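So this block is input.cif, mmCIF, C-alpha atoms and all ligand atoms:
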```cif
data_query
loop_
_atom_site.group_PDB
_atom_site.id
_atom_site.type_symbol
_atom_site.label_atom_id
_atom_site.label_comp_id
_atom_site.auth_asym_id
_atom_site.auth_seq_id
_atom_site.Cartn_x
_atom_site.Cartn_y
_atom_site.Cartn_z
ATOM 1 C CA MET A 243 0.000 0.000 0.000
ATOM 2 C CA SER A 244 1.326 3.433 -0.931
ATOM 3 C CA TYR A 245 0.849 6.661 1.033
ATOM 4 C CA ASN A 246 2.466 8.840 -1.659
ATOM 5 C CA LEU A 247 4.919 9.982 1.006
ATOM 6 C CA LEU A 248 7.628 10.791 -1.534
ATOM 7 C CA LYS A 249 5.552 12.153 -4.392
ATOM 8 C CA GLY A 250 7.691 14.591 -6.425
ATOM 9 C CA LYS A 251 10.875 13.807 -4.465
ATOM 10 C CA LYS A 252 14.165 12.900 -6.087
ATOM 11 C CA GLY A 253 16.709 10.641 -4.448
ATOM 12 C CA ILE A 254 20.021 8.827 -4.908
ATOM 13 C CA ILE A 255 20.271 5.281 -3.542
ATOM 14 C CA PHE A 256 23.769 3.901 -2.891
ATOM 15 C CA GLY A 257 24.456 0.189 -2.346
ATOM 16 C CA ALA A 258 21.865 -2.050 -4.053
ATOM 17 C CA LEU A 259 23.884 -5.191 -4.822
ATOM 18 C CA ASP A 260 21.168 -7.851 -5.121
ATOM 19 C CA GLU A 261 17.547 -8.284 -4.159
ATOM 20 C CA ASN A 262 18.445 -8.943 -0.492
ATOM 21 C CA SER A 263 20.272 -5.618 -0.116
ATOM 22 C CA ILE A 264 18.591 -3.122 2.198
ATOM 23 C CA ALA A 265 19.200 -0.499 -0.525
ATOM 24 C CA TRP A 266 17.372 -2.671 -3.083
ATOM 25 C CA ARG A 267 14.303 -3.024 -0.842
ATOM 26 C CA THR A 268 14.448 0.718 -0.133
ATOM 27 C CA ALA A 269 14.562 1.637 -3.821
ATOM 28 C CA LEU A 270 11.410 -0.433 -4.415
ATOM 29 C CA LYS A 271 9.665 1.217 -1.459
ATOM 30 C CA CYS A 272 10.669 4.772 -2.452
ATOM 31 C CA HIS A 273 9.466 4.123 -6.002
ATOM 32 C CA GLU A 274 6.156 2.818 -4.625
ATOM 33 C CA GLU A 275 5.887 6.008 -2.529
ATOM 34 C CA GLY A 276 6.233 8.175 -5.637
ATOM 35 C CA ALA A 277 9.937 9.123 -5.703
ATOM 36 C CA GLN A 278 12.145 9.438 -8.767
ATOM 37 C CA LEU A 279 15.492 7.692 -8.288
ATOM 38 C CA VAL A 280 19.090 7.378 -9.411
ATOM 39 C CA LEU A 281 20.816 4.108 -8.446
ATOM 40 C CA THR A 282 24.547 3.890 -7.826
ATOM 41 C CA ASN A 283 27.117 1.319 -6.760
ATOM 42 C CA ALA A 284 30.828 0.602 -7.150
ATOM 43 C CA PRO A 285 31.839 -0.313 -10.732
ATOM 44 C CA VAL A 286 32.859 -3.805 -9.561
ATOM 45 C CA ALA A 287 29.350 -4.374 -8.125
ATOM 46 C CA LEU A 288 27.718 -3.099 -11.331
ATOM 47 C CA ARG A 289 29.605 -5.733 -13.295
ATOM 48 C CA MET A 290 27.454 -8.393 -11.554
ATOM 49 C CA GLY A 291 24.602 -6.920 -13.601
ATOM 50 C CA GLU A 292 21.878 -7.632 -11.015
ATOM 51 C CA ILE A 293 21.176 -3.927 -10.507
ATOM 52 C CA ASN A 294 19.769 -3.635 -14.041
ATOM 53 C CA LYS A 295 16.696 -5.615 -12.923
ATOM 54 C CA LEU A 296 16.092 -3.102 -10.157
ATOM 55 C CA ALA A 297 16.716 -0.179 -12.505
ATOM 56 C CA GLU A 298 14.012 -1.493 -14.795
ATOM 57 C CA ALA A 299 11.555 -2.020 -11.934
ATOM 58 C CA VAL A 300 11.992 1.500 -10.537
ATOM 59 C CA LYS A 301 12.646 3.212 -13.895
ATOM 60 C CA ALA A 302 15.947 4.690 -12.734
ATOM 61 C CA PRO A 303 19.309 5.229 -14.416
ATOM 62 C CA VAL A 304 22.361 3.496 -12.927
ATOM 63 C CA ILE A 305 25.471 5.642 -12.491
ATOM 64 C CA GLY A 306 28.627 3.904 -11.260
ATOM 65 C CA ALA A 307 30.706 5.487 -8.482
ATOM 66 C CA ASP A 308 33.355 4.146 -6.156
ATOM 67 C CA VAL A 309 32.410 6.008 -2.995
ATOM 68 C CA THR A 310 36.077 6.576 -2.082
ATOM 69 C CA ASN A 311 36.723 8.438 -5.344
ATOM 70 C CA MET A 312 35.864 12.155 -5.338
ATOM 71 C CA ASP A 313 35.855 12.412 -9.154
ATOM 72 C CA ASP A 314 33.324 9.560 -9.366
ATOM 73 C CA LEU A 315 31.126 11.248 -6.750
ATOM 74 C CA LYS A 316 31.250 14.615 -8.523
ATOM 75 C CA LYS A 317 30.233 12.963 -11.791
ATOM 76 C CA LEU A 318 27.434 11.052 -10.022
ATOM 77 C CA PHE A 319 25.938 14.219 -8.523
ATOM 78 C CA GLU A 320 26.302 16.254 -11.707
ATOM 79 C CA GLU A 321 24.660 13.543 -13.822
ATOM 80 C CA SER A 322 21.912 13.013 -11.244
ATOM 81 C CA MET A 323 21.044 16.719 -11.174
ATOM 82 C CA LYS A 324 20.980 16.736 -14.959
ATOM 83 C CA HIS A 325 18.688 13.697 -14.972
ATOM 84 C CA PHE A 326 16.346 15.202 -12.352
ATOM 85 C CA GLY A 327 16.502 18.691 -13.866
ATOM 86 C CA GLY A 328 17.341 20.145 -10.461
ATOM 87 C CA GLY A 329 18.397 19.402 -6.887
ATOM 88 C CA ILE A 330 18.205 16.222 -4.801
ATOM 89 C CA ASP A 331 15.757 15.634 -1.917
ATOM 90 C CA PHE A 332 17.158 12.501 -0.299
ATOM 91 C CA ILE A 333 20.140 10.153 -0.229
ATOM 92 C CA LEU A 334 20.497 6.633 1.154
ATOM 93 C CA HIS A 335 24.066 5.638 2.109
ATOM 94 C CA SER A 336 23.882 1.833 2.342
ATOM 95 C CA ILE A 337 27.550 0.913 2.095
ATOM 96 C CA GLY A 338 29.817 -1.249 4.185
ATOM 97 C CA MET A 339 32.917 -3.339 3.630
ATOM 98 C CA SER A 340 35.596 -4.719 5.944
ATOM 99 C CA LEU A 341 38.801 -5.834 4.335
ATOM 100 C CA ASN A 342 40.122 -7.418 7.535
ATOM 101 C CA MET A 343 36.928 -9.445 8.041
ATOM 102 C CA ARG A 344 36.962 -10.524 4.437
ATOM 103 C CA LYS A 345 40.557 -11.698 4.812
ATOM 104 C CA GLY A 346 39.872 -13.491 8.099
ATOM 105 C CA LYS A 347 41.865 -11.210 10.426
ATOM 106 C CA SER A 348 40.578 -10.982 13.998
ATOM 107 C CA TYR A 349 40.207 -7.588 15.734
ATOM 108 C CA THR A 350 43.464 -7.939 17.678
ATOM 109 C CA GLU A 351 45.527 -8.637 14.574
ATOM 110 C CA ILE A 352 44.107 -6.232 11.995
ATOM 111 C CA ASP A 353 46.209 -4.989 9.126
ATOM 112 C CA TYR A 354 46.254 -1.176 9.333
ATOM 113 C CA GLU A 355 46.383 -0.538 5.587
ATOM 114 C CA TRP A 356 43.234 -2.631 5.128
ATOM 115 C CA ASN A 357 41.733 -0.908 8.152
ATOM 116 C CA LYS A 358 42.248 2.518 6.500
ATOM 117 C CA LYS A 359 40.365 1.273 3.445
ATOM 118 C CA THR A 360 37.567 -0.150 5.626
ATOM 119 C CA LEU A 361 37.119 3.172 7.429
ATOM 120 C CA ASP A 362 37.211 5.071 4.141
ATOM 121 C CA ILE A 363 34.605 2.876 2.390
ATOM 122 C CA SER A 364 32.307 2.356 5.372
ATOM 123 C CA ALA A 365 32.469 5.674 7.237
ATOM 124 C CA MET A 366 34.406 8.568 5.687
ATOM 125 C CA SER A 367 32.500 7.878 2.473
ATOM 126 C CA LEU A 368 29.514 9.577 4.104
ATOM 127 C CA HIS A 369 31.672 12.683 4.572
ATOM 128 C CA ARG A 370 32.782 12.419 0.929
ATOM 129 C CA VAL A 371 29.150 12.166 -0.253
ATOM 130 C CA LEU A 372 28.001 15.114 1.870
ATOM 131 C CA ARG A 373 31.052 17.186 0.932
ATOM 132 C CA THR A 374 30.439 16.607 -2.776
ATOM 133 C CA ALA A 375 26.788 17.594 -2.402
ATOM 134 C CA TRP A 376 27.856 20.647 -0.359
ATOM 135 C CA ASP A 377 30.428 21.821 -2.927
ATOM 136 C CA LEU A 378 27.964 21.433 -5.825
ATOM 137 C CA ASP A 379 25.037 22.759 -3.771
ATOM 138 C CA ALA A 380 23.235 19.617 -4.925
ATOM 139 C CA LEU A 381 20.752 19.168 -2.052
ATOM 140 C CA ASN A 382 17.429 20.993 -1.880
ATOM 141 C CA GLU A 383 16.376 22.871 1.265
ATOM 142 C CA GLY A 384 15.174 20.353 3.906
ATOM 143 C CA ALA A 385 16.702 17.343 2.105
ATOM 144 C CA SER A 386 17.216 14.120 4.070
ATOM 145 C CA VAL A 387 20.338 11.946 4.167
ATOM 146 C CA VAL A 388 20.340 8.576 5.954
ATOM 147 C CA ALA A 389 23.197 6.105 6.458
ATOM 148 C CA LEU A 390 22.788 2.565 7.793
ATOM 149 C CA THR A 391 24.603 1.491 10.933
ATOM 150 C CA TYR A 392 24.662 -1.237 13.586
ATOM 151 C CA ILE A 393 24.535 -1.270 17.412
ATOM 152 C CA ALA A 394 28.122 -2.591 17.573
ATOM 153 C CA ALA A 395 29.022 1.130 17.513
ATOM 154 C CA GLN A 396 27.705 1.356 21.116
ATOM 155 C CA ARG A 397 28.106 -2.145 22.544
ATOM 156 C CA VAL A 398 30.668 -4.879 21.942
ATOM 157 C CA PHE A 399 29.813 -7.662 19.486
ATOM 158 C CA PRO A 400 33.231 -9.332 19.123
ATOM 159 C CA ASP A 401 32.705 -10.825 15.667
ATOM 160 C CA TYR A 402 31.726 -7.440 14.229
ATOM 161 C CA ASN A 403 35.456 -6.689 14.347
ATOM 162 C CA GLU A 404 36.754 -3.383 12.878
ATOM 163 C CA MET A 405 33.283 -2.596 11.483
ATOM 164 C CA ALA A 406 32.283 -1.562 15.017
ATOM 165 C CA ASP A 407 34.833 1.266 14.861
ATOM 166 C CA ALA A 408 33.757 2.117 11.316
ATOM 167 C CA LYS A 409 30.130 2.447 12.452
ATOM 168 C CA ALA A 410 31.144 4.635 15.428
ATOM 169 C CA LEU A 411 32.976 6.940 12.993
ATOM 170 C CA LEU A 412 30.001 6.914 10.599
ATOM 171 C CA GLU A 413 27.705 8.027 13.430
ATOM 172 C CA GLY A 414 30.209 10.758 14.352
ATOM 173 C CA VAL A 415 30.269 12.112 10.793
ATOM 174 C CA THR A 416 26.458 12.053 10.819
ATOM 175 C CA ARG A 417 26.337 14.350 13.850
ATOM 176 C CA SER A 418 29.127 16.687 12.749
ATOM 177 C CA PHE A 419 28.090 17.162 9.112
ATOM 178 C CA GLY A 420 24.448 17.173 10.234
ATOM 179 C CA TYR A 421 25.216 20.291 12.252
ATOM 180 C CA TYR A 422 26.785 22.188 9.350
ATOM 181 C CA TYR A 423 24.208 21.117 6.753
ATOM 182 C CA GLY A 424 21.331 21.869 9.126
ATOM 183 C CA VAL A 425 22.538 25.426 9.628
ATOM 184 C CA LYS A 426 23.313 25.932 5.943
ATOM 185 C CA LYS A 427 20.183 24.465 4.337
ATOM 186 C CA LYS A 428 17.978 22.686 6.893
ATOM 187 C CA VAL A 429 19.302 19.367 5.577
ATOM 188 C CA ARG A 430 18.711 16.426 7.932
ATOM 189 C CA VAL A 431 21.426 13.779 8.421
ATOM 190 C CA ASN A 432 20.683 10.639 10.456
ATOM 191 C CA THR A 433 21.756 7.025 10.854
ATOM 192 C CA VAL A 434 19.352 4.100 11.155
ATOM 193 C CA SER A 435 20.647 1.256 13.296
ATOM 194 C CA GLN A 436 19.129 -1.868 11.763
ATOM 195 C CA SER A 437 18.618 -5.410 13.134
ATOM 196 C CA PRO A 438 20.905 -8.104 11.732
ATOM 197 C CA THR A 439 19.561 -8.835 8.244
ATOM 198 C CA ARG A 440 20.413 -11.633 5.782
ATOM 199 C CA THR A 441 22.344 -9.810 3.021
ATOM 200 C CA THR A 442 25.772 -10.191 1.421
ATOM 201 C CA ALA A 443 27.375 -7.734 3.886
ATOM 202 C CA GLY A 444 25.456 -9.205 6.866
ATOM 203 C CA SER A 445 26.437 -12.780 6.107
ATOM 204 C CA GLY A 446 30.116 -11.736 6.068
ATOM 205 C CA VAL A 447 29.977 -11.463 9.879
ATOM 206 C CA LYS A 448 31.430 -14.591 11.544
ATOM 207 C CA GLY A 449 28.786 -16.688 13.337
ATOM 208 C CA PHE A 450 25.979 -14.751 11.620
ATOM 209 C CA ASP A 451 23.350 -17.503 12.106
ATOM 210 C CA GLY A 452 23.828 -17.527 15.886
ATOM 211 C CA PHE A 453 23.945 -13.757 15.892
ATOM 212 C CA ILE A 454 20.653 -13.328 14.048
ATOM 213 C CA SER A 455 18.731 -15.873 16.132
ATOM 214 C CA TYR A 456 20.067 -14.370 19.388
ATOM 215 C CA ALA A 457 18.867 -10.914 18.265
ATOM 216 C CA GLU A 458 15.501 -12.387 17.299
ATOM 217 C CA LYS A 459 15.086 -13.824 20.819
ATOM 218 C CA MET A 460 16.302 -10.583 22.445
ATOM 219 C CA SER A 461 13.868 -8.292 20.605
ATOM 220 C CA PRO A 462 10.284 -7.939 21.868
ATOM 221 C CA LEU A 463 9.098 -7.384 18.282
ATOM 222 C CA GLY A 464 11.626 -9.772 16.711
ATOM 223 C CA ASN A 465 14.233 -8.728 14.124
ATOM 224 C CA ALA A 466 13.256 -5.998 11.669
ATOM 225 C CA SER A 467 13.384 -7.147 8.031
ATOM 226 C CA ALA A 468 14.944 -5.255 5.109
ATOM 227 C CA ASP A 469 11.438 -4.387 3.844
ATOM 228 C CA GLU A 470 10.486 -2.985 7.247
ATOM 229 C CA CYS A 471 13.707 -0.959 7.245
ATOM 230 C CA ALA A 472 12.772 0.385 3.808
ATOM 231 C CA GLY A 473 9.414 1.549 5.167
ATOM 232 C CA TYR A 474 11.072 3.377 8.048
ATOM 233 C CA LEU A 475 13.564 5.001 5.674
ATOM 234 C CA ALA A 476 10.712 6.257 3.474
ATOM 235 C CA THR A 477 9.282 8.122 6.487
ATOM 236 C CA LEU A 478 12.703 9.683 7.128
ATOM 237 C CA PHE A 479 12.948 10.867 3.529
ATOM 238 C CA SER A 480 9.435 12.337 3.724
ATOM 239 C CA ASP A 481 8.273 15.749 4.929
ATOM 240 C CA LEU A 482 6.804 14.150 8.091
ATOM 241 C CA THR A 483 10.206 14.080 9.831
ATOM 242 C CA LYS A 484 11.619 17.503 8.976
ATOM 243 C CA MET A 485 12.894 18.266 12.481
ATOM 244 C CA VAL A 486 14.771 14.970 13.022
ATOM 245 C CA THR A 487 18.505 15.353 12.519
ATOM 246 C CA MET A 488 21.913 14.222 13.865
ATOM 247 C CA GLN A 489 20.269 11.160 15.435
ATOM 248 C CA ASN A 490 21.118 7.490 15.576
ATOM 249 C CA LEU A 491 17.671 5.899 15.250
ATOM 250 C CA PHE A 492 17.265 2.259 16.280
ATOM 251 C CA HIS A 493 15.158 0.118 13.961
ATOM 252 C CA ASP A 494 15.598 -3.171 15.762
ATOM 253 C CA GLY A 495 12.333 -4.419 17.264
ATOM 254 C CA GLY A 496 13.364 -3.125 20.716
ATOM 255 C CA PHE A 497 16.697 -5.013 20.930
ATOM 256 C CA SER A 498 18.704 -1.929 21.945
ATOM 257 C CA TYR A 499 16.693 -1.302 25.135
ATOM 258 C CA THR A 500 16.128 -4.904 26.202
ATOM 259 C CA GLY A 501 18.190 -6.312 29.090
ATOM 260 C CA VAL A 502 16.985 -9.889 28.783
ATOM 261 C CA THR A 503 13.893 -11.742 27.570
ATOM 262 C CA GLU A 504 12.042 -14.835 28.745
ATOM 263 C CA ALA A 505 13.033 -16.532 25.493
ATOM 264 C CA VAL A 506 16.744 -16.056 26.308
ATOM 265 C CA ILE A 507 16.300 -17.125 29.950
ATOM 266 C CA ASN A 508 14.459 -20.262 28.831
ATOM 267 C CA GLN A 509 17.286 -21.045 26.426
ATOM 268 C CA MET A 510 19.901 -20.605 29.211
ATOM 269 C CA GLU A 511 17.989 -22.898 31.555
ATOM 270 C CA LYS A 512 17.883 -25.744 29.040
HETATM 271 N N1 LIG B 1 22.831 -6.807 6.978
HETATM 272 C C1 LIG B 1 22.893 -6.467 8.253
HETATM 273 O O1 LIG B 1 22.809 -7.303 9.173
HETATM 274 C C2 LIG B 1 23.028 -5.002 8.612
HETATM 275 C C3 LIG B 1 22.665 -4.562 9.891
HETATM 276 C C4 LIG B 1 22.844 -3.213 10.221
HETATM 277 C C5 LIG B 1 23.397 -2.336 9.266
HETATM 278 N N2 LIG B 1 23.751 -2.821 8.032
HETATM 279 C C6 LIG B 1 24.346 -1.879 7.076
HETATM 280 O O2 LIG B 1 23.501 -1.749 5.960
HETATM 281 C C7 LIG B 1 24.275 -1.269 4.852
HETATM 282 C C8 LIG B 1 23.928 -2.077 3.617
HETATM 283 O O3 LIG B 1 24.374 -3.400 3.736
HETATM 284 P P1 LIG B 1 23.507 -4.669 3.312
HETATM 285 O O4 LIG B 1 23.349 -5.487 4.555
HETATM 286 O O5 LIG B 1 22.320 -4.282 2.534
HETATM 287 O O6 LIG B 1 24.557 -5.500 2.409
HETATM 288 P P2 LIG B 1 24.960 -5.405 0.849
HETATM 289 O O7 LIG B 1 26.186 -6.252 0.759
HETATM 290 O O8 LIG B 1 23.813 -5.776 0.023
HETATM 291 O O9 LIG B 1 25.334 -3.861 0.628
HETATM 292 C C9 LIG B 1 26.616 -3.300 0.844
HETATM 293 C C10 LIG B 1 26.908 -2.424 -0.374
HETATM 294 O O10 LIG B 1 28.104 -1.657 -0.230
HETATM 295 C C11 LIG B 1 28.604 -1.476 -1.549
HETATM 296 N N3 LIG B 1 29.996 -1.011 -1.579
HETATM 297 C C12 LIG B 1 31.093 -1.646 -1.057
HETATM 298 N N4 LIG B 1 32.208 -0.948 -1.368
HETATM 299 C C13 LIG B 1 31.813 0.147 -2.081
HETATM 300 C C14 LIG B 1 32.505 1.232 -2.684
HETATM 301 N N5 LIG B 1 33.847 1.364 -2.609
HETATM 302 N N6 LIG B 1 31.781 2.179 -3.357
HETATM 303 C C15 LIG B 1 30.423 2.091 -3.456
HETATM 304 N N7 LIG B 1 29.723 1.080 -2.876
HETATM 305 C C16 LIG B 1 30.404 0.110 -2.218
HETATM 306 C C17 LIG B 1 28.470 -2.897 -2.124
HETATM 307 O O11 LIG B 1 28.652 -2.953 -3.540
HETATM 308 C C18 LIG B 1 27.068 -3.249 -1.670
HETATM 309 O O12 LIG B 1 26.112 -2.866 -2.622
HETATM 310 C C19 LIG B 1 25.745 -1.361 5.296
HETATM 311 O O13 LIG B 1 26.167 -0.093 5.774
HETATM 312 C C20 LIG B 1 25.660 -2.334 6.452
HETATM 313 O O14 LIG B 1 26.746 -2.214 7.345
HETATM 314 C C21 LIG B 1 23.568 -4.116 7.680
#
```
Take the structure in the file and give it back as C-alpha cells.
Ligand SMILES: NC(=O)c1ccc[n+]([C@@H]2O[C@H](COP(=O)([O-])OP(=O)(O)OC[C@H]3O[C@@H](n4cnc5c(N)ncnc54)[C@H](O)[C@@H]3O)[C@@H](O)[C@H]2O)c1
Amino acid sequence: MSYNLLKGKKGIIFGALDENSIAWRTALKCHEEGAQLVLTNAPVALRMGEINKLAEAVKAPVIGADVTNMDDLKKLFEESMKHFGGGIDFILHSIGMSLNMRKGKSYTEIDYEWNKKTLDISAMSLHRVLRTAWDLDALNEGASVVALTYIAAQRVFPDYNEMADAKALLEGVTRSFGYYYGVKKKVRVNTVSQSPTRTTAGSGVKGFDGFISYAEKMSPLGNASADECAGYLATLFSDLTKMVTMQNLFHDGGFSYTGVTEAVINQMEK
C-alpha cells in the first residue's frame, strides 16, 4: 500500500547489490511512494549486472561510483542533477565493507592498511558524499540523508570486528556534518541502526546464524526485516520528519533497550 509519502521527491540510492540488499528493498519502497530515483554502486558491483533488474523495476538510471573516489562522486551528482533537472531531496548511504573481516583477520591482529580502506569505504564515504553535495550545492532545502549502521558502535559484538569502529565513525560524521548542513540548508542527516539482516554484507559477519537468532530472541518485536527498514527510511525521507537530525535511530524491534527476555532465559535454563 502506498501513502504517496515521496511524491515529487528525487533521491540517490547507494548500495543495491542484489535483491536482499537493504538499498534494493528501499529503492522499491521509495518508487512505490512516488519518488524518482538514481541508483549507484561501485563499478565492480555493477559488473554483476543484477542492478539492471532493479533499474528497470523502478525506472531509474544506474550511475557507477566508487564512494572513495571524489571524481566519481562529482560525476554522479552532476549527472543526477541533470537527470532530475534540479536538486536532490534525499540520499540513502547503504555501504559497508571490511577488508580485515573478508581476509579473516581478527580484531586484535588487523592490518592497518586494510583498516584505512575499511574506514574510508564504510564511514568517511559519508563525509565524501556530503562534501560533494555541499560543494555542488546539490541538495534541496530540507533534504534528508540517511546512512545505515549497527549497534556494535555502542556495545561490543566481538565478531563485528573493525566494522564496530567504522560504524562509530560513521555516526560521528552524521552528527558533525548534520550540524553544518542543518545550519546551511535545513538538511537532515541521520543514521538508522538496523537489526541483523540476511544480506551479502550481513552474512560476512562470523557466526551470523547464531547472531541473528540471538537478536531475534532478544527483541520484543523480533528482528526488523529489510522491507520494514525500507518503510522506516521512506518516512525519514518524507516531509513528516523535517525536524529529526543528527540522530542514531534504532530500527531493531526493541533489541537496543532490552536487558533480557524470557526466550533467552528459557534457552539458558535448558
Ligand atoms: N545486513 C545487516 O545485518 C546489517 C545490519 C545493520 C546495518 N547494516 C548496514 O547496511 C548497509 C547495507 O548493507 P547490506 O546489509 O544491505 O549489504 P549489501 O552487501 O547488500 O550492501 C553493501 C553495499 O556496499 C557497496 N559497496 C562496497 N564498497 C563500495 C565502494 N567502494 N563504493 C560504493 N559502494 C560500495 C556494495 O557494492 C554493496 O552494494 C551497510 O552499511 C551495512 O553495514 C547491515
Since I can't run it myself right now, could you work out what the PyMOL selection byres (((chain A and resi 319-330) around 6) and not hetatm) selects here and report it as number ranges by chain? A: 252-253, 316-318, 331-332, 380-382
Which of these residues is nearest to ligand LIG 1 (chain B), using all atoms listed in the file: A:Lys301, A:Lys427, A:Arg267, A:Arg397? A:Arg267
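What separates atom CA of A:Ser367 from atom CA of A:Asp260 is a distance of 20.8 Å.
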Distance filter 8 Å around ligand LIG 1 (chain B), atoms: all atoms listed in the file, out as a ChimeraX atom specification: /A:256-266,282-288,307-310,335-339,363-364,389-393,405,409,434-445,468
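Atom CA of A:Arg370 sits 24.3 Å away from atom CA of A:Thr483.
With all atoms listed in the file as the basis for measurement, A:Val431 is the residue among A:Leu411, A:Ala457, A:Met343, A:Val431 that approaches A:Val371 most closely.
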Provide the atom CA of A:Tyr354 to atom CA of A:Asn342 distance in Å, to one decimal place. 8.9 Å
Expected selection from the PyMOL selection byres (((chain A and resi 271) around 9) and not hetatm), given as a PyMOL selection string: chain A and resi 244+266-270+272-277+469+472-473+475-476
Enumerate, as a tab-separated table (two decimals) with C-alpha atoms, in the coordinates of the input, the residues matched when the PyMOL selection byres (((chain A and resi 461) around 12) and not hetatm) is run on the file above.
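The resulting file, part_27.tsv, is shown below:
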```tsv
chain	number	residue	atom	x	y	z
A	437	SER	CA	18.62	-5.41	13.13
A	438	PRO	CA	20.90	-8.10	11.73
A	454	ILE	CA	20.65	-13.33	14.05
A	455	SER	CA	18.73	-15.87	16.13
A	456	TYR	CA	20.07	-14.37	19.39
A	457	ALA	CA	18.87	-10.91	18.26
A	458	GLU	CA	15.50	-12.39	17.30
A	459	LYS	CA	15.09	-13.82	20.82
A	460	MET	CA	16.30	-10.58	22.44
A	462	PRO	CA	10.28	-7.94	21.87
A	463	LEU	CA	9.10	-7.38	18.28
A	464	GLY	CA	11.63	-9.77	16.71
A	465	ASN	CA	14.23	-8.73	14.12
A	466	ALA	CA	13.26	-6.00	11.67
A	492	PHE	CA	17.26	2.26	16.28
A	493	HIS	CA	15.16	0.12	13.96
A	494	ASP	CA	15.60	-3.17	15.76
A	495	GLY	CA	12.33	-4.42	17.26
A	496	GLY	CA	13.36	-3.12	20.72
A	497	PHE	CA	16.70	-5.01	20.93
A	498	SER	CA	18.70	-1.93	21.94
A	499	TYR	CA	16.69	-1.30	25.14
A	500	THR	CA	16.13	-4.90	26.20
A	501	GLY	CA	18.19	-6.31	29.09
A	502	VAL	CA	16.98	-9.89	28.78
A	503	THR	CA	13.89	-11.74	27.57
A	504	GLU	CA	12.04	-14.84	28.74
A	505	ALA	CA	13.03	-16.53	25.49
A	506	VAL	CA	16.74	-16.06	26.31
```
Given all atoms listed in the file as the basis, pick out the residue of A:Leu372, A:Val425, A:Phe399, A:Asp379 nearest to A:Phe450. A:Phe399
Given only C-alpha atoms as the counted atoms, nearest of A:Tyr402, A:Ile254, A:Lys512, A:Tyr349 to A:Ala302: A:Ile254
Pick out the residues sitting within 6 Å of A:Thr416, and hand them over as a PyMOL selection string; count all atoms listed in the file, and ignore anything fewer than 3 positions along from it in its own chain. chain A and resi 413+419-420+431-432+488
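Nearest residue to A:Val387, choosing from A:Val415, A:Leu296, A:Ile255, A:Ile333 and counting all atoms listed in the file: A:Ile333.
Minimum atom-to-atom distances from A:Ala410, A:Val398, A:Ala297, A:Glu404 to A:Asp353 were compared using only C-alpha atoms, and the lowest value belongs to A:Glu404.
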Any idea what's packed within 9 Å of A:Lys484, counting all atoms listed in the file, ignoring anything in its chain fewer than 3 positions away? Could you give it as a PyMOL selection string? chain A and resi 384-386+428-430+478-481+487
Selecting C-alpha atoms, how would stretch 327-372 of chain A from this structure be written as a PDB file, in the first residue's frame?
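The result, stored in selection.pdb:
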```
ATOM      1  CA  GLY A 327      16.502  18.691 -13.866  1.00  0.00           C
ATOM      2  CA  GLY A 328      17.341  20.145 -10.461  1.00  0.00           C
ATOM      3  CA  GLY A 329      18.397  19.402  -6.887  1.00  0.00           C
ATOM      4  CA  ILE A 330      18.205  16.222  -4.801  1.00  0.00           C
ATOM      5  CA  ASP A 331      15.757  15.634  -1.917  1.00  0.00           C
ATOM      6  CA  PHE A 332      17.158  12.501  -0.299  1.00  0.00           C
ATOM      7  CA  ILE A 333      20.140  10.153  -0.229  1.00  0.00           C
ATOM      8  CA  LEU A 334      20.497   6.633   1.154  1.00  0.00           C
ATOM      9  CA  HIS A 335      24.066   5.638   2.109  1.00  0.00           C
ATOM     10  CA  SER A 336      23.882   1.833   2.342  1.00  0.00           C
ATOM     11  CA  ILE A 337      27.550   0.913   2.095  1.00  0.00           C
ATOM     12  CA  GLY A 338      29.817  -1.249   4.185  1.00  0.00           C
ATOM     13  CA  MET A 339      32.917  -3.339   3.630  1.00  0.00           C
ATOM     14  CA  SER A 340      35.596  -4.719   5.944  1.00  0.00           C
ATOM     15  CA  LEU A 341      38.801  -5.834   4.335  1.00  0.00           C
ATOM     16  CA  ASN A 342      40.122  -7.418   7.535  1.00  0.00           C
ATOM     17  CA  MET A 343      36.928  -9.445   8.041  1.00  0.00           C
ATOM     18  CA  ARG A 344      36.962 -10.524   4.437  1.00  0.00           C
ATOM     19  CA  LYS A 345      40.557 -11.698   4.812  1.00  0.00           C
ATOM     20  CA  GLY A 346      39.872 -13.491   8.099  1.00  0.00           C
ATOM     21  CA  LYS A 347      41.865 -11.210  10.426  1.00  0.00           C
ATOM     22  CA  SER A 348      40.578 -10.982  13.998  1.00  0.00           C
ATOM     23  CA  TYR A 349      40.207  -7.588  15.734  1.00  0.00           C
ATOM     24  CA  THR A 350      43.464  -7.939  17.678  1.00  0.00           C
ATOM     25  CA  GLU A 351      45.527  -8.637  14.574  1.00  0.00           C
ATOM     26  CA  ILE A 352      44.107  -6.232  11.995  1.00  0.00           C
ATOM     27  CA  ASP A 353      46.209  -4.989   9.126  1.00  0.00           C
ATOM     28  CA  TYR A 354      46.254  -1.176   9.333  1.00  0.00           C
ATOM     29  CA  GLU A 355      46.383  -0.538   5.587  1.00  0.00           C
ATOM     30  CA  TRP A 356      43.234  -2.631   5.128  1.00  0.00           C
ATOM     31  CA  ASN A 357      41.733  -0.908   8.152  1.00  0.00           C
ATOM     32  CA  LYS A 358      42.248   2.518   6.500  1.00  0.00           C
ATOM     33  CA  LYS A 359      40.365   1.273   3.445  1.00  0.00           C
ATOM     34  CA  THR A 360      37.567  -0.150   5.626  1.00  0.00           C
ATOM     35  CA  LEU A 361      37.119   3.172   7.429  1.00  0.00           C
ATOM     36  CA  ASP A 362      37.211   5.071   4.141  1.00  0.00           C
ATOM     37  CA  ILE A 363      34.605   2.876   2.390  1.00  0.00           C
ATOM     38  CA  SER A 364      32.307   2.356   5.372  1.00  0.00           C
ATOM     39  CA  ALA A 365      32.469   5.674   7.237  1.00  0.00           C
ATOM     40  CA  MET A 366      34.406   8.568   5.687  1.00  0.00           C
ATOM     41  CA  SER A 367      32.500   7.878   2.473  1.00  0.00           C
ATOM     42  CA  LEU A 368      29.514   9.577   4.104  1.00  0.00           C
ATOM     43  CA  HIS A 369      31.672  12.683   4.572  1.00  0.00           C
ATOM     44  CA  ARG A 370      32.782  12.419   0.929  1.00  0.00           C
ATOM     45  CA  VAL A 371      29.150  12.166  -0.253  1.00  0.00           C
ATOM     46  CA  LEU A 372      28.001  15.114   1.870  1.00  0.00           C
TER      47      LEU A 372
END
```
